[in-house]
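A.B. asks: Pasting input-v1.pdb here (PDB, C-alpha atoms and all ligand atoms):
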ATOM      1  CA  MET Z 139      65.914 -38.927 -35.491  1.00  0.00           C
ATOM      2  CA  ARG Z 140      66.710 -37.656 -38.970  1.00  0.00           C
ATOM      3  CA  ILE Z 141      65.306 -34.295 -40.044  1.00  0.00           C
ATOM      4  CA  LEU Z 142      65.199 -32.571 -43.440  1.00  0.00           C
ATOM      5  CA  LEU Z 143      65.660 -28.809 -43.144  1.00  0.00           C
ATOM      6  CA  VAL Z 144      64.567 -26.841 -46.224  1.00  0.00           C
ATOM      7  CA  GLU Z 145      65.753 -23.263 -45.804  1.00  0.00           C
ATOM      8  CA  ASP Z 146      67.480 -20.961 -48.303  1.00  0.00           C
ATOM      9  CA  ASP Z 147      68.615 -18.381 -45.727  1.00  0.00           C
ATOM     10  CA  ALA Z 148      72.181 -19.328 -44.783  1.00  0.00           C
ATOM     11  CA  LEU Z 149      72.074 -17.685 -41.362  1.00  0.00           C
ATOM     12  CA  ILE Z 150      68.770 -19.161 -40.237  1.00  0.00           C
ATOM     13  CA  GLY Z 151      69.534 -22.542 -41.782  1.00  0.00           C
ATOM     14  CA  GLY Z 152      72.944 -22.704 -40.141  1.00  0.00           C
ATOM     15  CA  ALA Z 153      71.568 -21.723 -36.745  1.00  0.00           C
ATOM     16  CA  VAL Z 154      68.665 -24.198 -36.861  1.00  0.00           C
ATOM     17  CA  LYS Z 155      70.893 -27.014 -38.085  1.00  0.00           C
ATOM     18  CA  GLN Z 156      73.420 -26.415 -35.309  1.00  0.00           C
ATOM     19  CA  ALA Z 157      70.735 -26.221 -32.609  1.00  0.00           C
ATOM     20  CA  LEU Z 158      69.118 -29.459 -33.763  1.00  0.00           C
ATOM     21  CA  HIS Z 159      72.467 -31.164 -34.058  1.00  0.00           C
ATOM     22  CA  ASP Z 160      73.207 -30.119 -30.469  1.00  0.00           C
ATOM     23  CA  ALA Z 161      69.899 -31.771 -29.515  1.00  0.00           C
ATOM     24  CA  ALA Z 162      71.203 -35.127 -30.827  1.00  0.00           C
ATOM     25  CA  LEU Z 163      69.250 -34.963 -34.108  1.00  0.00           C
ATOM     26  CA  ALA Z 164      70.674 -35.791 -37.541  1.00  0.00           C
ATOM     27  CA  VAL Z 165      69.914 -32.929 -39.929  1.00  0.00           C
ATOM     28  CA  ASP Z 166      70.135 -32.839 -43.727  1.00  0.00           C
ATOM     29  CA  TRP Z 167      69.932 -29.239 -44.930  1.00  0.00           C
ATOM     30  CA  VAL Z 168      68.910 -28.278 -48.473  1.00  0.00           C
ATOM     31  CA  GLN Z 169      68.292 -24.787 -49.814  1.00  0.00           C
ATOM     32  CA  ASP Z 170      65.776 -25.195 -52.633  1.00  0.00           C
ATOM     33  CA  GLY Z 171      62.468 -26.919 -53.293  1.00  0.00           C
ATOM     34  CA  ALA Z 172      63.516 -29.223 -56.129  1.00  0.00           C
ATOM     35  CA  THR Z 173      66.330 -30.748 -54.051  1.00  0.00           C
ATOM     36  CA  ALA Z 174      63.977 -31.107 -51.082  1.00  0.00           C
ATOM     37  CA  LEU Z 175      61.565 -33.119 -53.236  1.00  0.00           C
ATOM     38  CA  SER Z 176      64.228 -35.364 -54.694  1.00  0.00           C
ATOM     39  CA  VAL Z 177      65.862 -36.226 -51.356  1.00  0.00           C
ATOM     40  CA  SER Z 178      62.514 -36.782 -49.649  1.00  0.00           C
ATOM     41  CA  LYS Z 179      61.926 -39.577 -52.182  1.00  0.00           C
ATOM     42  CA  THR Z 180      65.049 -41.481 -51.240  1.00  0.00           C
ATOM     43  CA  GLU Z 181      65.532 -40.732 -47.534  1.00  0.00           C
ATOM     44  CA  ASP Z 182      63.270 -41.651 -44.662  1.00  0.00           C
ATOM     45  CA  TYR Z 183      62.840 -38.508 -42.564  1.00  0.00           C
ATOM     46  CA  ALA Z 184      61.090 -38.278 -39.218  1.00  0.00           C
ATOM     47  CA  LEU Z 185      60.103 -34.715 -40.032  1.00  0.00           C
ATOM     48  CA  ILE Z 186      60.560 -31.946 -42.602  1.00  0.00           C
ATOM     49  CA  LEU Z 187      61.046 -28.297 -41.611  1.00  0.00           C
ATOM     50  CA  LEU Z 188      59.923 -26.330 -44.650  1.00  0.00           C
ATOM     51  CA  ASP Z 189      60.474 -22.669 -45.471  1.00  0.00           C
ATOM     52  CA  LEU Z 190      57.932 -21.147 -47.895  1.00  0.00           C
ATOM     53  CA  GLY Z 191      59.994 -18.551 -49.777  1.00  0.00           C
ATOM     54  CA  LEU Z 192      62.481 -20.710 -51.699  1.00  0.00           C
ATOM     55  CA  PRO Z 193      64.214 -20.313 -55.069  1.00  0.00           C
ATOM     56  CA  GLY Z 194      62.462 -22.200 -57.884  1.00  0.00           C
ATOM     57  CA  LYS Z 195      59.720 -24.355 -56.397  1.00  0.00           C
ATOM     58  CA  ASP Z 196      58.419 -22.640 -53.269  1.00  0.00           C
ATOM     59  CA  GLY Z 197      57.401 -24.354 -50.038  1.00  0.00           C
ATOM     60  CA  PHE Z 198      53.735 -24.626 -51.043  1.00  0.00           C
ATOM     61  CA  ASP Z 199      54.745 -26.416 -54.276  1.00  0.00           C
ATOM     62  CA  VAL Z 200      56.959 -28.809 -52.314  1.00  0.00           C
ATOM     63  CA  LEU Z 201      54.203 -29.568 -49.817  1.00  0.00           C
ATOM     64  CA  ARG Z 202      51.581 -30.114 -52.518  1.00  0.00           C
ATOM     65  CA  GLU Z 203      53.837 -32.474 -54.442  1.00  0.00           C
ATOM     66  CA  LEU Z 204      54.785 -34.440 -51.332  1.00  0.00           C
ATOM     67  CA  ARG Z 205      51.145 -35.024 -50.475  1.00  0.00           C
ATOM     68  CA  ARG Z 206      50.200 -35.739 -54.078  1.00  0.00           C
ATOM     69  CA  GLU Z 207      52.804 -38.513 -54.040  1.00  0.00           C
ATOM     70  CA  LYS Z 208      51.181 -39.840 -50.822  1.00  0.00           C
ATOM     71  CA  ASN Z 209      54.255 -39.003 -48.779  1.00  0.00           C
ATOM     72  CA  THR Z 210      52.944 -38.790 -45.206  1.00  0.00           C
ATOM     73  CA  VAL Z 211      56.124 -37.403 -43.611  1.00  0.00           C
ATOM     74  CA  PRO Z 212      55.224 -34.792 -40.965  1.00  0.00           C
ATOM     75  CA  VAL Z 213      55.880 -31.224 -42.138  1.00  0.00           C
ATOM     76  CA  ILE Z 214      56.288 -28.077 -40.067  1.00  0.00           C
ATOM     77  CA  ILE Z 215      56.300 -24.853 -42.080  1.00  0.00           C
ATOM     78  CA  ILE Z 216      58.807 -22.282 -40.831  1.00  0.00           C
ATOM     79  CA  THR Z 217      58.321 -18.925 -42.508  1.00  0.00           C
ATOM     80  CA  ALA Z 218      58.337 -15.161 -42.100  1.00  0.00           C
ATOM     81  CA  ARG Z 219      54.894 -15.049 -43.753  1.00  0.00           C
ATOM     82  CA  ASP Z 220      52.494 -14.459 -40.897  1.00  0.00           C
ATOM     83  CA  ALA Z 221      49.315 -13.726 -42.904  1.00  0.00           C
ATOM     84  CA  VAL Z 222      46.332 -15.788 -41.763  1.00  0.00           C
ATOM     85  CA  GLU Z 223      45.683 -16.820 -45.394  1.00  0.00           C
ATOM     86  CA  ASP Z 224      49.172 -18.333 -45.648  1.00  0.00           C
ATOM     87  CA  ARG Z 225      48.733 -20.252 -42.394  1.00  0.00           C
ATOM     88  CA  ILE Z 226      45.396 -21.616 -43.565  1.00  0.00           C
ATOM     89  CA  LYS Z 227      46.809 -22.534 -46.971  1.00  0.00           C
ATOM     90  CA  GLY Z 228      49.826 -24.252 -45.410  1.00  0.00           C
ATOM     91  CA  LEU Z 229      47.756 -26.383 -43.069  1.00  0.00           C
ATOM     92  CA  ASP Z 230      45.185 -27.175 -45.766  1.00  0.00           C
ATOM     93  CA  PHE Z 231      47.955 -28.222 -48.162  1.00  0.00           C
ATOM     94  CA  GLY Z 232      48.929 -30.860 -45.615  1.00  0.00           C
ATOM     95  CA  ALA Z 233      51.371 -29.255 -43.161  1.00  0.00           C
ATOM     96  CA  ASP Z 234      51.158 -30.516 -39.586  1.00  0.00           C
ATOM     97  CA  ASP Z 235      52.130 -27.246 -37.968  1.00  0.00           C
ATOM     98  CA  TYR Z 236      53.115 -23.703 -38.863  1.00  0.00           C
ATOM     99  CA  LEU Z 237      55.672 -21.567 -37.082  1.00  0.00           C
ATOM    100  CA  VAL Z 238      56.331 -17.897 -37.897  1.00  0.00           C
ATOM    101  CA  LYS Z 239      59.872 -16.474 -37.922  1.00  0.00           C
ATOM    102  CA  PRO Z 240      61.490 -15.284 -35.812  1.00  0.00           C
ATOM    103  CA  PHE Z 241      60.772 -18.241 -33.528  1.00  0.00           C
ATOM    104  CA  SER Z 242      62.576 -19.574 -30.506  1.00  0.00           C
ATOM    105  CA  ILE Z 243      64.485 -22.801 -31.030  1.00  0.00           C
ATOM    106  CA  GLY Z 244      62.878 -24.064 -27.831  1.00  0.00           C
ATOM    107  CA  GLU Z 245      59.389 -23.625 -29.252  1.00  0.00           C
ATOM    108  CA  LEU Z 246      60.415 -25.200 -32.559  1.00  0.00           C
ATOM    109  CA  GLN Z 247      61.763 -28.244 -30.728  1.00  0.00           C
ATOM    110  CA  ALA Z 248      58.620 -28.549 -28.607  1.00  0.00           C
ATOM    111  CA  ARG Z 249      56.449 -28.448 -31.747  1.00  0.00           C
ATOM    112  CA  MET Z 250      58.716 -31.042 -33.390  1.00  0.00           C
ATOM    113  CA  ARG Z 251      58.298 -33.351 -30.391  1.00  0.00           C
ATOM    114  CA  ALA Z 252      54.516 -32.918 -30.520  1.00  0.00           C
ATOM    115  CA  VAL Z 253      54.366 -33.693 -34.242  1.00  0.00           C
ATOM    116  CA  VAL Z 254      56.609 -36.760 -33.884  1.00  0.00           C
ATOM    117  CA  ARG Z 255      54.485 -38.041 -30.975  1.00  0.00           C
ATOM    118  CA  ARG Z 256      51.339 -37.755 -33.068  1.00  0.00           C
ATOM    119  CA  ASP Z 257      53.061 -39.435 -36.003  1.00  0.00           C
ATOM    120  CA  HIS Z 258      53.877 -42.414 -33.764  1.00  0.00           C
ATOM    121  CA  GLY Z 259      50.366 -42.471 -32.263  1.00  0.00           C
ATOM    122  CA  VAL Z 260      51.663 -41.530 -28.825  1.00  0.00           C
ATOM    123  CA  ALA Z 261      49.967 -38.961 -26.573  1.00  0.00           C
ATOM    124  CA  GLU Z 262      52.199 -39.393 -23.519  1.00  0.00           C
ATOM    125  CA  PRO Z 263      55.305 -37.162 -23.769  1.00  0.00           C
ATOM    126  CA  MET Z 264      57.576 -39.710 -22.035  1.00  0.00           C
ATOM    127  CA  LEU Z 265      58.632 -42.873 -23.866  1.00  0.00           C
ATOM    128  CA  SER Z 266      58.585 -45.791 -21.477  1.00  0.00           C
ATOM    129  CA  ASN Z 267      58.613 -49.562 -21.604  1.00  0.00           C
ATOM    130  CA  GLY Z 268      58.613 -50.326 -17.909  1.00  0.00           C
ATOM    131  CA  LEU Z 269      62.368 -50.698 -17.655  1.00  0.00           C
ATOM    132  CA  LEU Z 270      63.477 -47.579 -19.527  1.00  0.00           C
ATOM    133  CA  VAL Z 271      61.991 -44.105 -19.426  1.00  0.00           C
ATOM    134  CA  LEU Z 272      63.129 -41.538 -21.973  1.00  0.00           C
ATOM    135  CA  ASN Z 273      62.102 -37.894 -21.819  1.00  0.00           C
ATOM    136  CA  PRO Z 274      62.450 -36.306 -25.292  1.00  0.00           C
ATOM    137  CA  ALA Z 275      62.075 -32.779 -23.852  1.00  0.00           C
ATOM    138  CA  THR Z 276      65.059 -33.023 -21.498  1.00  0.00           C
ATOM    139  CA  ARG Z 277      66.815 -36.024 -23.115  1.00  0.00           C
ATOM    140  CA  GLU Z 278      66.946 -37.592 -19.676  1.00  0.00           C
ATOM    141  CA  VAL Z 279      66.983 -41.379 -19.654  1.00  0.00           C
ATOM    142  CA  THR Z 280      66.345 -43.545 -16.628  1.00  0.00           C
ATOM    143  CA  CYS Z 281      66.748 -47.281 -16.277  1.00  0.00           C
ATOM    144  CA  ASN Z 282      65.216 -48.882 -13.182  1.00  0.00           C
ATOM    145  CA  ASP Z 283      64.747 -45.316 -11.861  1.00  0.00           C
ATOM    146  CA  GLN Z 284      68.491 -44.621 -12.159  1.00  0.00           C
ATOM    147  CA  VAL Z 285      69.350 -41.536 -14.245  1.00  0.00           C
ATOM    148  CA  LEU Z 286      71.877 -42.396 -16.944  1.00  0.00           C
ATOM    149  CA  SER Z 287      74.434 -40.253 -18.677  1.00  0.00           C
ATOM    150  CA  LEU Z 288      74.381 -41.032 -22.397  1.00  0.00           C
ATOM    151  CA  SER Z 289      76.371 -39.591 -25.291  1.00  0.00           C
ATOM    152  CA  ALA Z 290      74.434 -37.796 -28.038  1.00  0.00           C
ATOM    153  CA  ARG Z 291      74.689 -40.839 -30.327  1.00  0.00           C
ATOM    154  CA  GLU Z 292      73.679 -43.251 -27.598  1.00  0.00           C
ATOM    155  CA  TYR Z 293      70.657 -41.096 -26.841  1.00  0.00           C
ATOM    156  CA  ALA Z 294      69.744 -40.817 -30.540  1.00  0.00           C
ATOM    157  CA  LEU Z 295      69.958 -44.567 -31.074  1.00  0.00           C
ATOM    158  CA  LEU Z 296      67.968 -45.401 -27.949  1.00  0.00           C
ATOM    159  CA  HIS Z 297      65.360 -42.802 -28.936  1.00  0.00           C
ATOM    160  CA  ALA Z 298      64.968 -44.487 -32.345  1.00  0.00           C
ATOM    161  CA  LEU Z 299      64.389 -47.863 -30.656  1.00  0.00           C
ATOM    162  CA  MET Z 300      62.050 -46.431 -28.010  1.00  0.00           C
ATOM    163  CA  LEU Z 301      59.853 -44.811 -30.664  1.00  0.00           C
ATOM    164  CA  ARG Z 302      59.097 -48.305 -31.949  1.00  0.00           C
ATOM    165  CA  PRO Z 303      59.251 -50.680 -28.983  1.00  0.00           C
ATOM    166  CA  GLY Z 304      58.758 -54.297 -29.950  1.00  0.00           C
ATOM    167  CA  ASN Z 305      60.002 -53.620 -33.497  1.00  0.00           C
ATOM    168  CA  ILE Z 306      63.363 -54.712 -34.821  1.00  0.00           C
ATOM    169  CA  LEU Z 307      65.480 -51.991 -36.415  1.00  0.00           C
ATOM    170  CA  SER Z 308      68.294 -53.070 -38.716  1.00  0.00           C
ATOM    171  CA  ARG Z 309      71.766 -51.556 -38.786  1.00  0.00           C
ATOM    172  CA  ASP Z 310      70.899 -49.651 -41.989  1.00  0.00           C
ATOM    173  CA  GLU Z 311      67.699 -48.290 -40.473  1.00  0.00           C
ATOM    174  CA  LEU Z 312      69.494 -47.152 -37.339  1.00  0.00           C
ATOM    175  CA  GLU Z 313      72.324 -45.560 -39.340  1.00  0.00           C
ATOM    176  CA  GLU Z 314      69.792 -43.714 -41.457  1.00  0.00           C
ATOM    177  CA  LYS Z 315      68.011 -42.406 -38.369  1.00  0.00           C
ATOM    178  CA  ILE Z 316      71.010 -41.130 -36.461  1.00  0.00           C
ATOM    179  CA  TYR Z 317      73.485 -39.915 -39.093  1.00  0.00           C
ATOM    180  CA  GLY Z 318      73.110 -37.083 -41.604  1.00  0.00           C
ATOM    181  CA  TRP Z 319      74.617 -37.082 -45.110  1.00  0.00           C
ATOM    182  CA  ASN Z 320      77.949 -35.548 -44.498  1.00  0.00           C
ATOM    183  CA  GLU Z 321      78.821 -37.682 -41.506  1.00  0.00           C
ATOM    184  CA  GLU Z 322      81.342 -40.463 -41.825  1.00  0.00           C
ATOM    185  CA  VAL Z 323      79.905 -43.719 -40.506  1.00  0.00           C
ATOM    186  CA  ALA Z 324      82.363 -46.446 -39.565  1.00  0.00           C
ATOM    187  CA  SER Z 325      81.178 -49.923 -40.554  1.00  0.00           C
ATOM    188  CA  ASN Z 326      80.830 -51.051 -36.937  1.00  0.00           C
ATOM    189  CA  ALA Z 327      79.526 -47.721 -35.615  1.00  0.00           C
ATOM    190  CA  ILE Z 328      76.092 -49.021 -34.640  1.00  0.00           C
ATOM    191  CA  GLU Z 329      77.498 -52.094 -32.856  1.00  0.00           C
ATOM    192  CA  PHE Z 330      79.887 -49.797 -31.022  1.00  0.00           C
ATOM    193  CA  ILE Z 331      77.068 -47.516 -29.813  1.00  0.00           C
ATOM    194  CA  ILE Z 332      74.907 -50.506 -28.820  1.00  0.00           C
ATOM    195  CA  HIS Z 333      77.820 -51.935 -26.885  1.00  0.00           C
ATOM    196  CA  GLY Z 334      78.184 -48.646 -24.976  1.00  0.00           C
ATOM    197  CA  LEU Z 335      74.453 -48.510 -24.280  1.00  0.00           C
ATOM    198  CA  ARG Z 336      74.321 -52.059 -22.989  1.00  0.00           C
ATOM    199  CA  LYS Z 337      77.152 -51.337 -20.609  1.00  0.00           C
ATOM    200  CA  LYS Z 338      75.084 -48.534 -19.108  1.00  0.00           C
ATOM    201  CA  LEU Z 339      71.601 -50.074 -19.353  1.00  0.00           C
ATOM    202  CA  GLY Z 340      72.377 -53.710 -18.780  1.00  0.00           C
ATOM    203  CA  LYS Z 341      72.430 -56.355 -21.503  1.00  0.00           C
ATOM    204  CA  ALA Z 342      68.711 -57.150 -21.279  1.00  0.00           C
ATOM    205  CA  ALA Z 343      67.569 -53.620 -22.150  1.00  0.00           C
ATOM    206  CA  ILE Z 344      68.401 -53.933 -25.857  1.00  0.00           C
ATOM    207  CA  LYS Z 345      67.743 -57.242 -27.519  1.00  0.00           C
ATOM    208  CA  ASN Z 346      69.841 -58.394 -30.457  1.00  0.00           C
ATOM    209  CA  VAL Z 347      67.971 -60.418 -33.043  1.00  0.00           C
ATOM    210  CA  ARG Z 348      70.759 -62.145 -34.873  1.00  0.00           C
ATOM    211  CA  GLY Z 349      71.127 -61.104 -38.474  1.00  0.00           C
ATOM    212  CA  LEU Z 350      68.161 -58.735 -38.283  1.00  0.00           C
ATOM    213  CA  GLY Z 351      68.926 -55.978 -35.821  1.00  0.00           C
ATOM    214  CA  TRP Z 352      67.977 -54.704 -32.399  1.00  0.00           C
ATOM    215  CA  MET Z 353      64.889 -53.875 -30.409  1.00  0.00           C
ATOM    216  CA  VAL Z 354      63.650 -52.768 -27.012  1.00  0.00           C
ATOM    217  CA  SER Z 355      60.717 -54.597 -25.491  1.00  0.00           C
ATOM    218  CA  LYS Z 356      57.228 -53.089 -25.403  1.00  0.00           C
TER     219      LYS Z 356
HETATM  220 CA    CA Z 401      63.280 -18.214 -47.534  1.00  0.00          CA
END
Spit out the file's structure as structure tokens when you get a sec.
Ligand code: CA

C.D. replies:
Amino acid sequence: MRILLVEDDALIGGAVKQALHDAALAVDWVQDGATALSVSKTEDYALILLDLGLPGKDGFDVLRELRREKNTVPVIIITARDAVEDRIKGLDFGADDYLVKPFSIGELQARMRAVVRRDHGVAEPMLSNGLLVLNPATREVTCNDQVLSLSAREYALLHALMLRPGNILSRDELEEKIYGWNEEVASNAIEFIIHGLRKKLGKAAIKNVRGLGWMVSK
């Protein structure tokens, strides 16, 4: 899952980015509103974490422009502003949730999972297709009731497929979902990860649709 982090504070931004990276998420971090708007036009993010106090365009401006352009990407505001009026304004401008600093990374991640579930029209916290069960809270994956040990990339790729069971994801789409900007991606990286996953899950778990991409069954 690829996340855009908009945060001008180097310490907070660095800490959040590292924590999310450790949770097998790809994170692009920008530090001002104008850059946030321009990258959100070209990249397909699962979620935006948006600070309010930013140089130039502030978080409210960014949010208003995103929604004006009919961008439906989920947004969680992360800010030190705890006034009720700011919370109301943020939600009414189109944010999906609002978290006041200082927050625990655990709570942030739980809110992110909730927002992503809603965005995919899922109420059940576990992703399951009968064969595979994936728990986004613990990152535990089971196949035929056997607990599997997956690398961070394997987990991230399987998570992307399990969010859209029955849908084919192309190599480009998968790369975009599991790698951030500054990460080198070898040309056969996705095939390599799929190969590793199939060894652990069995060949039938991930279907290859020749020339198009990969999918897990519904
Ligand atoms: Ca700030």

A.B. asks: Check what the PyMOL selection byres (((chain Z and resi 211) around 10) and not hetatm) selects in the file above and give those residues as a PyMOL selection string.

C.D. replies: chain Z and resi 178+182-186+204-205+208-210+212-214+232-234+254+257

A.B. asks: Which is closer to Asn273 (chain Z) than all the others in Z:His297, Z:Arg336, Z:Arg256, Z:Arg291, using only C-alpha atoms?

C.D. replies: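 Of all the options, Z:His297 lies closest to Asn273 (chain Z).
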
A.B. asks: List every residue of chain Z that has an atom at most 12 Å from any atom of ligand CA 401 (chain Z), and for each one report the closest atom pair and its distance in Å to one decimal, counting only C-alpha atoms and all ligand atoms, with rows sorted by chain and then by increasing residue number, as a Markdown table.

C.D. replies:
| residue | atom | partner | partner_atom | distance |
| --- | --- | --- | --- | --- |
| Z:Leu143 | CA | Z:CA401 | CA | 11.7 |
| Z:Val144 | CA | Z:CA401 | CA | 8.8 |
| Z:Glu145 | CA | Z:CA401 | CA | 5.9 |
| Z:Asp146 | CA | Z:CA401 | CA | 5.1 |
| Z:Asp147 | CA | Z:CA401 | CA | 5.6 |
| Z:Ala148 | CA | Z:CA401 | CA | 9.4 |
| Z:Leu149 | CA | Z:CA401 | CA | 10.8 |
| Z:Ile150 | CA | Z:CA401 | CA | 9.2 |
| Z:Gly151 | CA | Z:CA401 | CA | 9.5 |
| Z:Val168 | CA | Z:CA401 | CA | 11.6 |
| Z:Gln169 | CA | Z:CA401 | CA | 8.6 |
| Z:Asp170 | CA | Z:CA401 | CA | 9.0 |
| Z:Gly171 | CA | Z:CA401 | CA | 10.5 |
| Z:Leu187 | CA | Z:CA401 | CA | 11.9 |
| Z:Leu188 | CA | Z:CA401 | CA | 9.2 |
| Z:Asp189 | CA | Z:CA401 | CA | 5.7 |
| Z:Leu190 | CA | Z:CA401 | CA | 6.1 |
| Z:Gly191 | CA | Z:CA401 | CA | 4.0 |
| Z:Leu192 | CA | Z:CA401 | CA | 4.9 |
| Z:Pro193 | CA | Z:CA401 | CA | 7.9 |
| Z:Gly194 | CA | Z:CA401 | CA | 11.1 |
| Z:Lys195 | CA | Z:CA401 | CA | 11.4 |
| Z:Asp196 | CA | Z:CA401 | CA | 8.7 |
| Z:Gly197 | CA | Z:CA401 | CA | 8.9 |
| Z:Ile215 | CA | Z:CA401 | CA | 11.1 |
| Z:Ile216 | CA | Z:CA401 | CA | 9.0 |
| Z:Thr217 | CA | Z:CA401 | CA | 7.1 |
| Z:Ala218 | CA | Z:CA401 | CA | 8.0 |
| Z:Arg219 | CA | Z:CA401 | CA | 9.7 |
| Z:Val238 | CA | Z:CA401 | CA | 11.9 |
| Z:Lys239 | CA | Z:CA401 | CA | 10.3 |

A.B. asks: Would you write out, as an MDAnalysis selection string, every residue that the PyMOL selection byres (((chain Z and resi 339) around 12) and not hetatm) captures in this file?

C.D. replies: chainID Z and resid 269:271 279:288 292:293 296 332:338 340:345 354

A.B. asks: Restrict the selected residues to C-alpha atoms and save them as a PDB file, keeping the file's coordinate frame.

C.D. replies:
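Final file, part.pdb:
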ATOM      1  CA  LEU Z 269      62.368 -50.698 -17.655  1.00  0.00           C
ATOM      2  CA  LEU Z 270      63.477 -47.579 -19.527  1.00  0.00           C
ATOM      3  CA  VAL Z 271      61.991 -44.105 -19.426  1.00  0.00           C
ATOM      4  CA  VAL Z 279      66.983 -41.379 -19.654  1.00  0.00           C
ATOM      5  CA  THR Z 280      66.345 -43.545 -16.628  1.00  0.00           C
ATOM      6  CA  CYS Z 281      66.748 -47.281 -16.277  1.00  0.00           C
ATOM      7  CA  ASN Z 282      65.216 -48.882 -13.182  1.00  0.00           C
ATOM      8  CA  ASP Z 283      64.747 -45.316 -11.861  1.00  0.00           C
ATOM      9  CA  GLN Z 284      68.491 -44.621 -12.159  1.00  0.00           C
ATOM     10  CA  VAL Z 285      69.350 -41.536 -14.245  1.00  0.00           C
ATOM     11  CA  LEU Z 286      71.877 -42.396 -16.944  1.00  0.00           C
ATOM     12  CA  SER Z 287      74.434 -40.253 -18.677  1.00  0.00           C
ATOM     13  CA  LEU Z 288      74.381 -41.032 -22.397  1.00  0.00           C
ATOM     14  CA  GLU Z 292      73.679 -43.251 -27.598  1.00  0.00           C
ATOM     15  CA  TYR Z 293      70.657 -41.096 -26.841  1.00  0.00           C
ATOM     16  CA  LEU Z 296      67.968 -45.401 -27.949  1.00  0.00           C
ATOM     17  CA  ILE Z 332      74.907 -50.506 -28.820  1.00  0.00           C
ATOM     18  CA  HIS Z 333      77.820 -51.935 -26.885  1.00  0.00           C
ATOM     19  CA  GLY Z 334      78.184 -48.646 -24.976  1.00  0.00           C
ATOM     20  CA  LEU Z 335      74.453 -48.510 -24.280  1.00  0.00           C
ATOM     21  CA  ARG Z 336      74.321 -52.059 -22.989  1.00  0.00           C
ATOM     22  CA  LYS Z 337      77.152 -51.337 -20.609  1.00  0.00           C
ATOM     23  CA  LYS Z 338      75.084 -48.534 -19.108  1.00  0.00           C
ATOM     24  CA  GLY Z 340      72.377 -53.710 -18.780  1.00  0.00           C
ATOM     25  CA  LYS Z 341      72.430 -56.355 -21.503  1.00  0.00           C
ATOM     26  CA  ALA Z 342      68.711 -57.150 -21.279  1.00  0.00           C
ATOM     27  CA  ALA Z 343      67.569 -53.620 -22.150  1.00  0.00           C
ATOM     28  CA  ILE Z 344      68.401 -53.933 -25.857  1.00  0.00           C
ATOM     29  CA  LYS Z 345      67.743 -57.242 -27.519  1.00  0.00           C
ATOM     30  CA  VAL Z 354      63.650 -52.768 -27.012  1.00  0.00           C
TER      31      VAL Z 354
END

A.B. asks: Name every residue that the PyMOL selection byres (((chain Z and resi 231) around 10) and not hetatm) selects in this structure, writing the answer as a compact mmCIF listing (two decimals) with C-alpha atoms, in the coordinates of the input with chains first and numbers rising.

C.D. replies:
# COMPACT_ATOMS: atom_id res chain seq x y z
CA PHE Z 198 53.74 -24.63 -51.04
CA ASP Z 199 54.74 -26.42 -54.28
CA VAL Z 200 56.96 -28.81 -52.31
CA LEU Z 201 54.20 -29.57 -49.82
CA ARG Z 202 51.58 -30.11 -52.52
CA GLU Z 203 53.84 -32.47 -54.44
CA LEU Z 204 54.78 -34.44 -51.33
CA ARG Z 205 51.14 -35.02 -50.48
CA ARG Z 206 50.20 -35.74 -54.08
CA ARG Z 225 48.73 -20.25 -42.39
CA ILE Z 226 45.40 -21.62 -43.56
CA LYS Z 227 46.81 -22.53 -46.97
CA GLY Z 228 49.83 -24.25 -45.41
CA LEU Z 229 47.76 -26.38 -43.07
CA ASP Z 230 45.18 -27.18 -45.77
CA GLY Z 232 48.93 -30.86 -45.62
CA ALA Z 233 51.37 -29.26 -43.16
CA ASP Z 234 51.16 -30.52 -39.59

A.B. asks: Of the candidates Z:Val222, Z:Leu272, Z:Ile331, Z:Met353, which shows the shortest atom-to-atom distance to Ser289 (chain Z), using all atoms listed in the file?

C.D. replies: Z:Ile331

A.B. asks: Would you compute, for all listed atoms of region 284-299 of chain Z, the axis-aligned bounding box grown by 8 Å on each side, and then report its centre and edge lengths in Å rounded to one decimal, as lines of an AutoDock Vina configuration file?

C.D. replies:
center_x = 70.4
center_y = -42.8
center_z = -22.3
size_x = 28.0
size_y = 26.1
size_z = 36.2

A.B. asks: Find the distance between CA of Leu312 (chain Z) and CA of Ala162 (chain Z) and write it in Å to one decimal.

C.D. replies: 13.8 Å

A.B. asks: Just give me the gap between CA of Ile306 (chain Z) and CA of Ser355 (chain Z) in Å, one decimal is fine.

C.D. replies: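 Pair CA of Ile306 (chain Z) / CA of Ser355 (chain Z) returns 9.7 Å.
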
A.B. asks: Considering only C-alpha atoms, state which residue in the set Z:Met300, Z:Val260, Z:Ala327, Z:Ala172 is at the smallest distance from Glu313 (chain Z).

C.D. replies: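 The answer is Z:Ala327, which sits nearest to Glu313 (chain Z).
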
A.B. asks: Could you tell me how far CA of Ile141 (chain Z) lies from CA of Ala298 (chain Z), in Å and to one decimal?

C.D. replies: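 We find that CA of Ile141 (chain Z) and CA of Ala298 (chain Z) lie 12.8 Å from each other.
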
A.B. asks: Identify which of the residues Z:Gly318, Z:Gly152, Z:Pro240, Z:Pro263 lies closest to Thr276 (chain Z), counting all atoms listed in the file when measuring atom-to-atom distances.

C.D. replies: Z:Pro263
